[in-house]
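Student: Handing over work_24.txt, compact mmCIF, C-alpha atoms.
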# COMPACT_ATOMS: atom_id res chain seq x y z
CA MET Z 18 127.44 4.57 52.68
CA GLY Z 19 124.04 3.37 53.92
CA VAL Z 20 121.47 5.70 55.41
CA VAL Z 21 121.69 5.60 59.20
CA LYS Z 22 119.46 8.49 60.14
CA LEU Z 23 116.83 10.55 58.44
CA SER Z 24 116.95 14.15 59.43
CA THR Z 25 113.85 16.27 59.91
CA ALA Z 26 115.86 19.38 59.34
CA GLY Z 27 114.18 21.58 56.82
CA LEU Z 28 110.73 19.97 57.22
CA THR Z 29 108.10 22.44 58.34
CA ASP Z 30 105.52 19.80 59.17
CA TYR Z 31 105.68 16.03 59.35
CA GLN Z 32 103.92 13.02 60.81
CA LYS Z 33 105.78 9.90 61.86
CA TYR Z 34 104.15 6.54 61.13
CA SER Z 35 105.20 3.09 62.23
CA SER Z 36 103.45 1.52 59.21
CA VAL Z 37 104.04 2.11 55.51
CA LEU Z 38 100.25 2.57 55.18
CA ALA Z 39 100.85 6.00 56.76
CA GLY Z 40 97.40 6.10 58.26
CA ASN Z 41 95.63 4.97 55.09
CA ALA Z 42 93.34 1.96 54.85
CA ALA Z 43 94.80 -1.16 53.29
CA PHE Z 44 93.76 -1.72 49.67
CA SER Z 45 92.21 -5.08 48.86
CA PRO Z 46 91.90 -5.66 45.11
CA SER Z 47 88.39 -6.65 44.12
CA SER Z 48 87.66 -9.99 42.49
CA PHE Z 49 84.13 -9.10 41.34
CA ASP Z 50 83.97 -6.06 39.08
CA LEU Z 51 81.41 -4.17 37.04
CA LEU Z 52 82.52 -4.52 33.43
CA GLU Z 53 79.74 -2.81 31.48
CA SER Z 54 76.20 -1.60 32.06
CA GLN Z 55 73.44 -0.29 29.85
CA VAL Z 56 70.44 1.62 31.19
CA LEU Z 57 68.11 2.49 28.37
CA ALA Z 58 67.25 6.14 27.91
CA SER Z 59 65.05 5.19 24.97
CA ASP Z 60 63.41 1.99 23.73
CA SER Z 61 65.70 -0.53 22.06
CA ALA Z 62 65.13 -3.75 20.13
CA SER Z 63 68.03 -5.46 21.90
CA ILE Z 64 70.95 -4.89 24.24
CA THR Z 65 74.38 -6.14 23.21
CA PHE Z 66 77.71 -6.25 24.98
CA THR Z 67 80.76 -6.67 22.77
CA GLY Z 68 84.47 -6.95 23.29
CA LEU Z 69 84.04 -9.27 26.28
CA ASP Z 70 87.25 -11.04 25.28
CA SER Z 71 89.16 -7.92 26.30
CA TYR Z 72 88.47 -8.70 29.96
CA THR Z 73 91.25 -11.26 30.29
CA ASP Z 74 91.36 -11.33 34.11
CA TYR Z 75 87.92 -12.87 34.52
CA LYS Z 76 86.75 -16.45 34.58
CA ASN Z 77 83.00 -16.09 34.97
CA LEU Z 78 80.41 -13.42 34.30
CA GLN Z 79 77.28 -12.41 36.16
CA VAL Z 80 74.53 -10.49 34.40
CA ARG Z 81 72.06 -8.57 36.57
CA ALA Z 82 69.03 -6.96 34.97
CA VAL Z 83 65.56 -5.48 35.27
CA CYS Z 84 63.44 -5.52 32.10
CA ARG Z 85 60.23 -4.18 30.63
CA ASN Z 86 59.07 -4.01 27.02
CA ASN Z 87 56.81 -1.87 24.86
CA THR Z 88 54.37 -4.54 23.72
CA THR Z 89 51.74 -6.53 25.56
CA SER Z 90 53.91 -9.63 25.32
CA SER Z 91 55.15 -10.81 28.72
CA GLY Z 92 57.37 -13.60 27.41
CA TRP Z 93 61.02 -14.50 27.63
CA VAL Z 94 64.14 -12.42 27.44
CA VAL Z 95 66.53 -14.53 25.36
CA MET Z 96 70.30 -14.42 25.07
CA ARG Z 97 72.65 -15.35 22.25
CA ALA Z 98 76.42 -15.60 22.38
CA ASN Z 99 78.64 -14.23 19.60
CA ALA Z 100 75.53 -13.44 17.53
CA ASP Z 101 74.99 -17.16 17.02
CA SER Z 102 71.36 -17.64 16.00
CA GLY Z 103 71.83 -21.26 15.00
CA ALA Z 104 70.30 -24.23 16.80
CA ASN Z 105 73.29 -24.44 19.12
CA TYR Z 106 71.76 -24.01 22.55
CA ALA Z 107 70.08 -26.23 25.11
CA HIS Z 108 68.35 -25.39 28.36
CA ASN Z 109 66.29 -26.89 31.18
CA TYR Z 110 64.20 -25.04 33.70
CA LEU Z 111 61.82 -25.29 36.59
CA TYR Z 112 58.88 -22.97 36.02
CA ALA Z 113 56.42 -21.88 38.72
CA ASP Z 114 53.31 -19.83 38.03
CA GLY Z 115 51.84 -19.51 41.50
CA ALA Z 116 49.76 -22.66 41.16
CA SER Z 117 52.11 -25.43 40.03
CA VAL Z 118 55.76 -26.21 39.33
CA LEU Z 119 56.52 -27.41 35.81
CA ASN Z 120 59.64 -28.80 34.26
CA TYR Z 121 60.85 -28.02 30.73
CA GLY Z 122 63.86 -28.96 28.64
CA ASN Z 123 64.84 -28.09 25.07
CA THR Z 124 67.77 -29.06 22.90
CA GLY Z 125 68.72 -27.68 19.51
CA VAL Z 126 67.19 -24.27 20.20
CA THR Z 127 68.38 -20.97 18.81
CA PHE Z 128 68.69 -19.03 22.08
CA LEU Z 129 68.82 -19.37 25.85
CA ARG Z 130 65.87 -18.25 27.97
CA VAL Z 131 67.26 -16.12 30.79
CA GLY Z 132 64.48 -13.84 32.05
CA HIS Z 133 61.11 -12.24 31.47
CA VAL Z 134 59.80 -8.74 30.77
CA ILE Z 135 56.94 -6.78 32.24
CA PRO Z 136 54.65 -5.95 29.30
CA SER Z 137 53.50 -2.48 28.35
CA ASP Z 138 50.09 -3.10 29.94
CA GLY Z 139 51.67 -4.38 33.14
CA ILE Z 140 51.70 -2.60 36.46
CA ALA Z 141 53.32 0.83 36.16
CA ASN Z 142 56.94 1.09 37.28
CA ASN Z 143 57.26 -2.69 37.45
CA PHE Z 144 60.34 -4.32 35.90
CA ALA Z 145 61.22 -8.02 35.91
CA PRO Z 146 64.59 -9.00 37.41
CA PHE Z 147 67.03 -11.72 36.51
CA VAL Z 148 70.44 -12.78 37.79
CA LEU Z 149 72.38 -14.87 35.26
CA ASP Z 150 75.69 -16.61 35.91
CA ILE Z 151 77.87 -17.52 32.93
CA TYR Z 152 80.72 -19.92 33.58
CA ASP Z 153 84.05 -20.31 31.78
CA TYR Z 154 83.00 -17.84 29.12
CA SER Z 155 86.52 -17.43 27.72
CA ASN Z 156 87.68 -21.03 27.95
CA THR Z 157 88.11 -22.54 24.48
CA ASN Z 158 88.11 -26.11 25.84
CA LYS Z 159 84.59 -25.90 27.24
CA TYR Z 160 81.08 -24.99 26.25
CA MET Z 161 79.67 -21.87 27.89
CA THR Z 162 77.24 -22.88 30.64
CA THR Z 163 74.69 -20.69 32.37
CA ARG Z 164 72.46 -20.56 35.40
CA SER Z 165 69.58 -18.12 35.68
CA PHE Z 166 67.30 -17.10 38.53
CA GLU Z 167 64.42 -14.86 37.51
CA GLY Z 168 60.80 -14.06 38.01
CA LEU Z 169 58.11 -11.43 38.19
CA HIS Z 170 54.89 -10.65 39.93
CA ASP Z 171 52.62 -8.45 37.85
CA GLY Z 172 49.14 -9.20 39.10
CA THR Z 173 47.22 -12.41 39.32
CA GLY Z 174 47.30 -15.73 37.53
CA ALA Z 175 49.45 -16.09 34.47
CA SER Z 176 51.19 -12.77 35.07
CA ASN Z 177 53.35 -14.32 37.79
CA VAL Z 178 56.40 -16.37 36.94
CA LEU Z 179 59.45 -17.76 38.72
CA THR Z 180 62.11 -19.87 37.01
CA LEU Z 181 65.37 -21.56 37.82
CA SER Z 182 67.18 -22.52 34.65
CA ALA Z 183 70.39 -23.99 33.33
CA GLY Z 184 71.69 -23.58 29.82
CA VAL Z 185 74.59 -24.33 27.51
CA TRP Z 186 75.93 -22.85 24.27
CA LEU Z 187 77.29 -25.82 22.31
CA ASN Z 188 80.34 -24.02 21.02
CA THR Z 189 83.83 -23.90 22.50
CA ALA Z 190 84.62 -20.47 21.11
CA ALA Z 191 85.42 -17.80 23.65
CA VAL Z 192 82.43 -15.56 24.26
CA THR Z 193 83.08 -12.14 22.81
CA SER Z 194 79.54 -10.78 22.76
CA LEU Z 195 76.19 -11.30 24.45
CA THR Z 196 72.91 -10.10 22.98
CA PHE Z 197 69.68 -9.87 24.95
CA THR Z 198 66.35 -9.61 23.13
CA PRO Z 199 62.79 -9.15 24.43
CA PRO Z 200 59.97 -11.47 23.35
CA ALA Z 201 58.54 -8.84 21.01
CA GLY Z 202 58.96 -5.16 20.30
CA ASP Z 203 61.61 -3.29 22.25
CA PHE Z 204 62.99 -3.10 25.74
CA THR Z 205 61.59 0.11 27.23
CA THR Z 206 63.34 3.09 28.76
CA GLY Z 207 64.60 2.18 32.20
CA THR Z 208 65.51 -1.39 31.29
CA ARG Z 209 68.93 -2.09 32.74
CA ILE Z 210 71.38 -4.89 32.02
CA SER Z 211 74.77 -4.96 33.76
CA VAL Z 212 77.65 -7.38 33.21
CA TYR Z 213 80.01 -8.19 36.06
CA GLY Z 214 83.21 -10.23 35.97
CA ALA Z 215 84.44 -12.69 38.60
CA LYS Z 216 88.18 -13.10 38.58
CA LEU Z 217 90.34 -16.18 38.36
CA MET X 4 89.05 0.80 33.98
CA THR X 5 86.74 -1.67 35.75
CA THR X 6 84.81 -0.52 38.80
CA PRO X 7 85.41 -2.55 41.96
CA THR X 8 82.16 -3.84 43.36
CA TYR X 9 80.41 -6.28 45.67
CA GLN X 10 81.24 -4.38 48.80
CA LEU X 11 80.14 -5.25 52.31
CA ILE X 12 78.12 -2.23 53.40
CA ASP X 13 77.04 -3.36 56.84
CA SER X 14 76.76 -6.48 58.94
CA ALA X 15 75.43 -7.74 62.25
CA THR X 16 76.51 -10.81 64.19
CA LEU X 17 74.32 -11.31 67.22
CA THR X 18 76.08 -11.61 70.55
CA SER X 19 72.71 -11.65 72.31
CA SER X 20 69.30 -12.62 71.02
CA ALA X 21 67.36 -9.96 69.16
CA SER X 22 63.80 -9.61 67.97
CA SER X 23 64.89 -7.84 64.79
CA VAL X 24 67.83 -6.44 62.90
CA THR X 25 67.71 -3.14 61.03
CA PHE X 26 70.06 -1.64 58.47
CA SER X 27 69.28 2.06 58.21
CA SER X 28 70.61 5.06 56.32
CA ILE X 29 71.66 2.70 53.53
CA THR X 30 74.04 4.40 51.14
CA GLN X 31 72.55 5.10 47.71
CA ASP X 32 75.90 4.60 45.95
CA TYR X 33 75.18 1.12 44.55
CA ARG X 34 72.89 -0.43 41.93
CA ASP X 35 71.76 -3.58 43.72
CA LEU X 36 71.84 -4.88 47.26
CA VAL X 37 72.38 -8.45 48.37
CA LEU X 38 71.20 -9.33 51.88
CA VAL X 39 72.50 -12.63 53.25
CA VAL X 40 70.87 -13.95 56.40
CA GLU X 41 72.32 -16.96 58.19
CA ALA X 42 69.71 -17.32 60.87
CA LEU X 43 69.47 -19.35 64.02
CA GLY X 44 66.00 -19.17 65.54
CA ASN X 45 65.20 -18.49 69.13
CA ALA X 46 62.64 -21.24 69.54
CA SER X 47 62.01 -24.81 68.55
CA ASN X 48 59.22 -23.85 66.17
CA ALA X 49 60.80 -22.57 62.97
CA ALA X 50 59.80 -19.07 61.96
CA ASN X 51 60.26 -17.47 58.55
CA VAL X 52 62.74 -14.66 58.03
CA LEU X 53 60.73 -11.57 57.07
CA LEU X 54 62.10 -8.50 55.31
CA THR X 55 60.45 -5.09 55.09
CA LEU X 56 61.72 -1.98 53.38
CA ASN X 57 61.62 1.60 54.68
CA SER X 58 59.48 0.42 57.63
CA ASP X 59 56.60 -0.31 55.25
CA THR X 60 54.47 -3.00 56.88
CA GLY X 61 51.55 -2.52 54.52
CA SER X 62 50.34 -5.14 52.09
CA ASN X 63 52.80 -3.96 49.47
CA TYR X 64 54.90 -7.03 48.76
CA PRO X 65 53.37 -9.25 46.05
CA TYR X 66 55.23 -12.50 45.38
CA VAL X 67 55.30 -15.79 43.52
CA GLY X 68 57.28 -18.75 44.78
CA MET X 69 58.20 -22.38 44.49
CA SER X 70 59.16 -24.85 47.17
CA GLY X 71 60.39 -28.42 47.40
CA ASN X 72 60.60 -30.62 50.49
CA GLY X 73 62.07 -33.78 49.04
CA SER X 74 58.75 -35.32 48.13
CA THR X 75 56.55 -32.53 46.79
CA ALA X 76 57.15 -29.44 44.66
CA SER X 77 54.65 -26.63 45.03
CA SER X 78 54.06 -23.09 43.83
CA PHE X 79 52.25 -20.26 45.53
CA ASN X 80 51.60 -16.56 45.12
CA GLY X 81 49.95 -13.69 46.91
CA THR X 82 50.52 -10.31 48.47
CA SER X 83 52.09 -9.93 51.87
CA THR X 84 53.19 -7.35 54.39
CA SER X 85 56.82 -8.48 53.96
CA VAL X 86 59.14 -10.59 51.80
CA SER X 87 59.74 -14.02 53.25
CA GLY X 88 62.88 -16.11 53.44
CA PHE X 89 63.13 -19.26 55.53
CA GLY X 90 63.64 -19.66 59.22
CA SER X 91 65.48 -21.85 61.68
CA ASP X 92 64.14 -23.91 64.53
CA GLY X 93 66.95 -22.95 66.86
CA THR X 94 69.09 -25.98 66.03
CA THR X 95 69.97 -25.73 62.33
CA LYS X 96 71.08 -22.46 60.78
CA VAL X 97 69.16 -21.50 57.66
CA LEU X 98 70.47 -19.43 54.75
CA SER X 99 68.29 -16.85 52.99
CA THR X 100 69.63 -14.59 50.24
CA PHE X 101 67.71 -11.56 49.01
CA GLN X 102 68.75 -9.97 45.70
CA ILE X 103 67.33 -6.44 45.84
CA GLN X 104 67.62 -4.90 42.37
CA ASP X 105 67.76 -1.20 41.49
CA TYR X 106 67.08 -0.33 45.11
CA SER X 107 67.98 3.33 44.71
CA ALA X 108 65.85 3.93 41.61
CA THR X 109 62.87 6.24 42.09
CA ASP X 110 61.12 5.31 38.84
CA LYS X 111 60.73 1.61 39.54
CA HIS X 112 59.17 -0.73 42.05
CA THR X 113 61.92 -2.70 43.83
CA PRO X 114 62.21 -6.25 42.46
CA ILE X 115 63.50 -8.87 44.91
CA LEU X 116 64.64 -12.43 44.18
CA VAL X 117 64.90 -14.75 47.20
CA ARG X 118 66.61 -18.08 47.69
CA ALA X 119 65.98 -19.71 51.04
CA ASN X 120 67.25 -23.10 52.08
CA ARG X 121 66.74 -25.17 55.19
CA PRO X 122 69.04 -28.13 54.50
CA ASP X 123 67.07 -30.67 56.48
CA SER X 124 63.67 -29.89 55.04
CA VAL X 125 63.03 -27.30 52.33
CA VAL X 126 64.50 -25.47 49.34
CA GLN X 127 62.57 -22.42 48.23
CA ALA X 128 62.71 -19.53 45.77
CA ARG X 129 60.57 -16.40 45.41
CA ALA X 130 60.20 -13.45 43.08
CA ALA X 131 58.71 -10.48 44.88
CA ARG X 132 58.62 -6.72 44.65
CA TRP X 133 58.10 -3.79 46.89
CA ALA X 134 55.26 -1.91 45.21
CA ASN X 135 56.75 1.49 45.89
CA THR X 136 59.04 3.69 43.82
CA SER X 137 60.89 5.15 46.79
CA ALA X 138 64.59 4.48 47.13
CA VAL X 139 65.32 1.86 49.76
CA THR X 140 66.97 3.44 52.77
CA THR X 141 66.11 0.96 55.53
CA ILE X 142 65.88 -2.83 55.69
CA THR X 143 64.32 -4.51 58.72
CA ILE X 144 64.54 -8.25 59.33
CA THR X 145 62.04 -9.88 61.70
CA ASP X 146 60.27 -13.25 61.76
CA ASN X 147 56.68 -14.31 61.43
CA LEU X 148 56.31 -15.82 64.92
CA ALA X 149 58.05 -13.06 66.89
CA ASN X 150 60.59 -15.62 68.11
CA GLY X 151 63.56 -13.44 67.28
CA TYR X 152 67.09 -14.53 66.39
CA ALA X 153 69.59 -16.33 68.59
CA ILE X 154 73.22 -15.60 69.37
CA GLY X 155 75.37 -16.39 66.37
CA SER X 156 72.85 -15.30 63.73
CA ILE X 157 74.64 -13.35 61.00
CA PHE X 158 73.30 -10.67 58.66
CA TYR X 159 75.37 -9.28 55.78
CA LEU X 160 74.38 -6.41 53.50
CA PHE X 161 76.40 -6.09 50.28
CA GLY X 162 76.26 -3.40 47.64
CA ILE X 163 76.83 -4.12 43.95
CA ALA X 164 78.13 -1.21 41.96
CA SER X 165 76.22 0.62 39.24
Starting from the file, lay out its structure as structure tokens.

Tutor:
Amino acid sequence: MGVVKLSTAGLTDYQKYSSVLAGNAAFSPSSFDLLESQVLASDSASITFTGLDSYTDYKNLQVRAVCRNNTTSSGWVVMRANADSGANYAHNYLYADGASVLNYGNTGVTFLRVGHVIPSDGIANNFAPFVLDIYDYSNTNKYMTTRSFEGLHDGTGASNVLTLSAGVWLNTAAVTSLTFTPPAGDFTTGTRISVYGAKL
Amino acid sequence: MTTPTYQLIDSATLTSSASSVTFSSITQDYRDLVLVVEALGNASNAANVLLTLNSDTGSNYPYVGMSGNGSTASSFNGTSTSVSGFGSDGTTKVLSTFQIQDYSATDKHTPILVRANRPDSVVQARAARWANTSAVTTITITDNLANGYAIGSIFYLFGIAS
């Protein structure tokens, strides 16, 4: 026999709702999630994220970072996929230094340029940011492509940089790891790199 | 388990013109902030969107930028009393996006990456920083000509999880 009436007999306290949410907010599943993050508590020669193939719900990645290193080099942060240090990358970028806009392109390089660091003799507490988008990282029918937006202001002249870049890893393997390396020495304490996933 | 992120913290859609928009008492629960400004100016002369943090209007915002107008690419740098996006002339809405990294950190200056586009005239990018190690608790958006923002201007503040 079907239920025709629910009895409140025996209940000491109850609240009647007309919605199954029962007064709670609706839950909307996120499509952009923090996957992993590393904030250095001590200097490190590189920062690596592994096991990225375990995140099967995601199509693209976004890497957000602020970087500083322990040498006087203020050069590029570079990225390699799956520990590939062969000449399997290409990139192009617009580069502004506060005086002019320059255009660069390289093929057959051994890394992708994705950001800069503030050097050890740079302004105290200053870290250089980058936001890097990585597309189709797990698709085995496509090369991994990237887009980076980064820059820094650390004083006058050559200490100031802004770049917009595009890159490609010429390999159709699914990306399982990403390694970020400073131009020289180590990333310093406080350097932070976070990897986010954007869902299908 | 992954941490859900990219949450809308606050927003403002103007139903009357306003000289400024302020987001205050910003939660410190996130790693980065993303401010999206879809601005419609209040006057025919286009003014730049200006952003200041924690009501600091001192010369504490150094920047480097690049700009293209369809015929010329240029770069510039300096120190300002605010971080600049791009403004509207009252006819065409303009989109400025401010990536504010590590905003709650108290051991870092606040780095800010800006993309600002006025579709009929200019595309621009900037790298700036707020030369202060205080956590960001307030964001104020004004413009450089005191024109203000017209009805329909939209301001979104998103938090990205740590």

Student: Could the residues of chain Z that have an atom at most 7 Å from chain X be listed as JSON lines, each with its closest atom pair and the distance in Å to one decimal, counting only C-alpha atoms and ordered by chain and ascending residue number?

Tutor:
{"residue": "Z:Ser47", "atom": "CA", "partner": "X:Pro7", "partner_atom": "CA", "distance": 5.5}
{"residue": "Z:Phe49", "atom": "CA", "partner": "X:Thr8", "partner_atom": "CA", "distance": 6.0}
{"residue": "Z:Asp50", "atom": "CA", "partner": "X:Pro7", "partner_atom": "CA", "distance": 4.8}
{"residue": "Z:Leu51", "atom": "CA", "partner": "X:Thr6", "partner_atom": "CA", "distance": 5.3}
{"residue": "Z:Leu52", "atom": "CA", "partner": "X:Thr5", "partner_atom": "CA", "distance": 5.6}
{"residue": "Z:Ala113", "atom": "CA", "partner": "X:Ser78", "partner_atom": "CA", "distance": 5.8}
{"residue": "Z:Asp114", "atom": "CA", "partner": "X:Ser78", "partner_atom": "CA", "distance": 6.7}
{"residue": "Z:Gly115", "atom": "CA", "partner": "X:Phe79", "partner_atom": "CA", "distance": 4.1}
{"residue": "Z:Ala116", "atom": "CA", "partner": "X:Ser78", "partner_atom": "CA", "distance": 5.1}
{"residue": "Z:Ser117", "atom": "CA", "partner": "X:Ser78", "partner_atom": "CA", "distance": 4.9}
{"residue": "Z:Val118", "atom": "CA", "partner": "X:Ser78", "partner_atom": "CA", "distance": 5.7}
{"residue": "Z:Asn142", "atom": "CA", "partner": "X:Lys111", "partner_atom": "CA", "distance": 4.4}
{"residue": "Z:Asn143", "atom": "CA", "partner": "X:His112", "partner_atom": "CA", "distance": 5.4}
{"residue": "Z:Phe144", "atom": "CA", "partner": "X:Lys111", "partner_atom": "CA", "distance": 7.0}
{"residue": "Z:Ala145", "atom": "CA", "partner": "X:Pro114", "partner_atom": "CA", "distance": 6.9}
{"residue": "Z:Pro146", "atom": "CA", "partner": "X:Pro114", "partner_atom": "CA", "distance": 6.2}
{"residue": "Z:Gly168", "atom": "CA", "partner": "X:Ala130", "partner_atom": "CA", "distance": 5.1}
{"residue": "Z:Leu169", "atom": "CA", "partner": "X:Ala130", "partner_atom": "CA", "distance": 5.7}
{"residue": "Z:His170", "atom": "CA", "partner": "X:Tyr66", "partner_atom": "CA", "distance": 5.8}
{"residue": "Z:Asn177", "atom": "CA", "partner": "X:Val67", "partner_atom": "CA", "distance": 6.2}
{"residue": "Z:Val178", "atom": "CA", "partner": "X:Val67", "partner_atom": "CA", "distance": 6.7}
{"residue": "Z:Leu179", "atom": "CA", "partner": "X:Ala130", "partner_atom": "CA", "distance": 6.2}

Student: Given 8 Å on each side, where is the centre and what are the edge lengths in Å to one decimal of the axis-aligned box enclosing the listed atoms of segment 47-58 of chain Z, as lines of an AutoDock Vina configuration file?

Tutor:
center_x = 77.8
center_y = -1.9
center_z = 36.0
size_x = 37.1
size_y = 32.1
size_z = 32.2

Student: List the neighbours of segment 210-215 of chain Z out to 8 Å using all atoms listed in the file; skip same-chain residues closer than 4 positions along the sequence, and give me the result as a list in words.

Tutor: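 Once the nearby chain positions are removed, what remains is Ser48, Phe49, Asp50, Leu51, Leu52, Glu53, Ser54, Gln55, Val56, Ile64, Tyr75, Lys76, Asn77, Leu78, Gln79, Val80, Arg81, Ala82, Val83 and Cys84 of chain Z; Ser165 of chain X.
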
Student: Give me, please, the distance in Å between atom CA of Ser47 of chain X and atom CA of Ile142 of chain X, quoted to one decimal.

Tutor: 25.8 Å

Student: Rounded to one decimal place, report the atom CA of Tyr159 of chain X-atom CA of Thr143 of chain X distance in Å.

Tutor: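 Atom CA of Tyr159 of chain X sits 12.4 Å away from atom CA of Thr143 of chain X.
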
Student: Between X:Thr25, X:Ser62, X:Thr94, X:Thr141, single out the one closest to Ser107 of chain X, counting all atoms listed in the file.

Tutor: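 Among X:Thr25, X:Ser62, X:Thr94, X:Thr141, it is X:Thr141 that comes nearest to Ser107 of chain X.
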
Student: Could you check how far atom CA of Ser137 of chain X sits from atom CA of Ser83 of chain X, in Å to one decimal?

Tutor: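 The value is 18.2 Å.
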
Student: List the neighbours of Ala153 of chain X out to 7 Å using all atoms listed in the file; skip same-chain residues closer than 3 positions along the sequence, and give me the result as a list in words.

Tutor: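 Counting all atoms listed in the file, the residues come to Ser19, Ser20, Ala21, Leu43, Gly44, Asn45 and Ser156 of chain X.
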
Student: Around (83.5, -14.3, 21.0) in the file's own coordinates, what residues are found within 9 Å if you use all atoms listed in the file, given back as a VMD selection string?

Tutor: chain Z and resid 67 to 70 98 to 100 154 to 155 190 to 195

Student: May I have the residues from that selection written out with C-alpha atoms, as a PDB file, in the coordinates of the input?

Tutor:
ATOM      1  CA  THR Z  67      80.760  -6.670  22.770  1.00  0.00           C
ATOM      2  CA  GLY Z  68      84.470  -6.950  23.290  1.00  0.00           C
ATOM      3  CA  LEU Z  69      84.040  -9.270  26.280  1.00  0.00           C
ATOM      4  CA  ASP Z  70      87.250 -11.040  25.280  1.00  0.00           C
ATOM      5  CA  ALA Z  98      76.420 -15.600  22.380  1.00  0.00           C
ATOM      6  CA  ASN Z  99      78.640 -14.230  19.600  1.00  0.00           C
ATOM      7  CA  ALA Z 100      75.530 -13.440  17.530  1.00  0.00           C
ATOM      8  CA  TYR Z 154      83.000 -17.840  29.120  1.00  0.00           C
ATOM      9  CA  SER Z 155      86.520 -17.430  27.720  1.00  0.00           C
ATOM     10  CA  ALA Z 190      84.620 -20.470  21.110  1.00  0.00           C
ATOM     11  CA  ALA Z 191      85.420 -17.800  23.650  1.00  0.00           C
ATOM     12  CA  VAL Z 192      82.430 -15.560  24.260  1.00  0.00           C
ATOM     13  CA  THR Z 193      83.080 -12.140  22.810  1.00  0.00           C
ATOM     14  CA  SER Z 194      79.540 -10.780  22.760  1.00  0.00           C
ATOM     15  CA  LEU Z 195      76.190 -11.300  24.450  1.00  0.00           C
TER      16      LEU Z 195
END

Student: What lies within 7 Å of Asp146 of chain X using only C-alpha atoms, ignoring chain neighbours under 6 positions off, as a list in words?

Tutor: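 Counting only the stated atoms, we get Ala50, Asn51, Val52 and Leu53 of chain X.
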
Student: Nearest residue to Ile151 of chain Z out of Z:Gly184, Z:Gly207, Z:Pro199, Z:Gly132, using only C-alpha atoms?

Tutor: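 Among the listed residues, Z:Gly184 lies closest to Ile151 of chain Z.
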
Student: Mind listing whatever residues come within 10 Å of the point (72.7, -13.4, 22.8)? Use all atoms listed in the file, file coordinates, and give them as a list in words.

Tutor: Ser63, Ile64, Thr65, Phe66, Val94, Val95, Met96, Arg97, Ala98, Asn99, Ala100, Asp101, Ser102, Thr127, Phe128, Leu129, Arg130, Ser194, Leu195, Thr196, Phe197 and Thr198 of chain Z
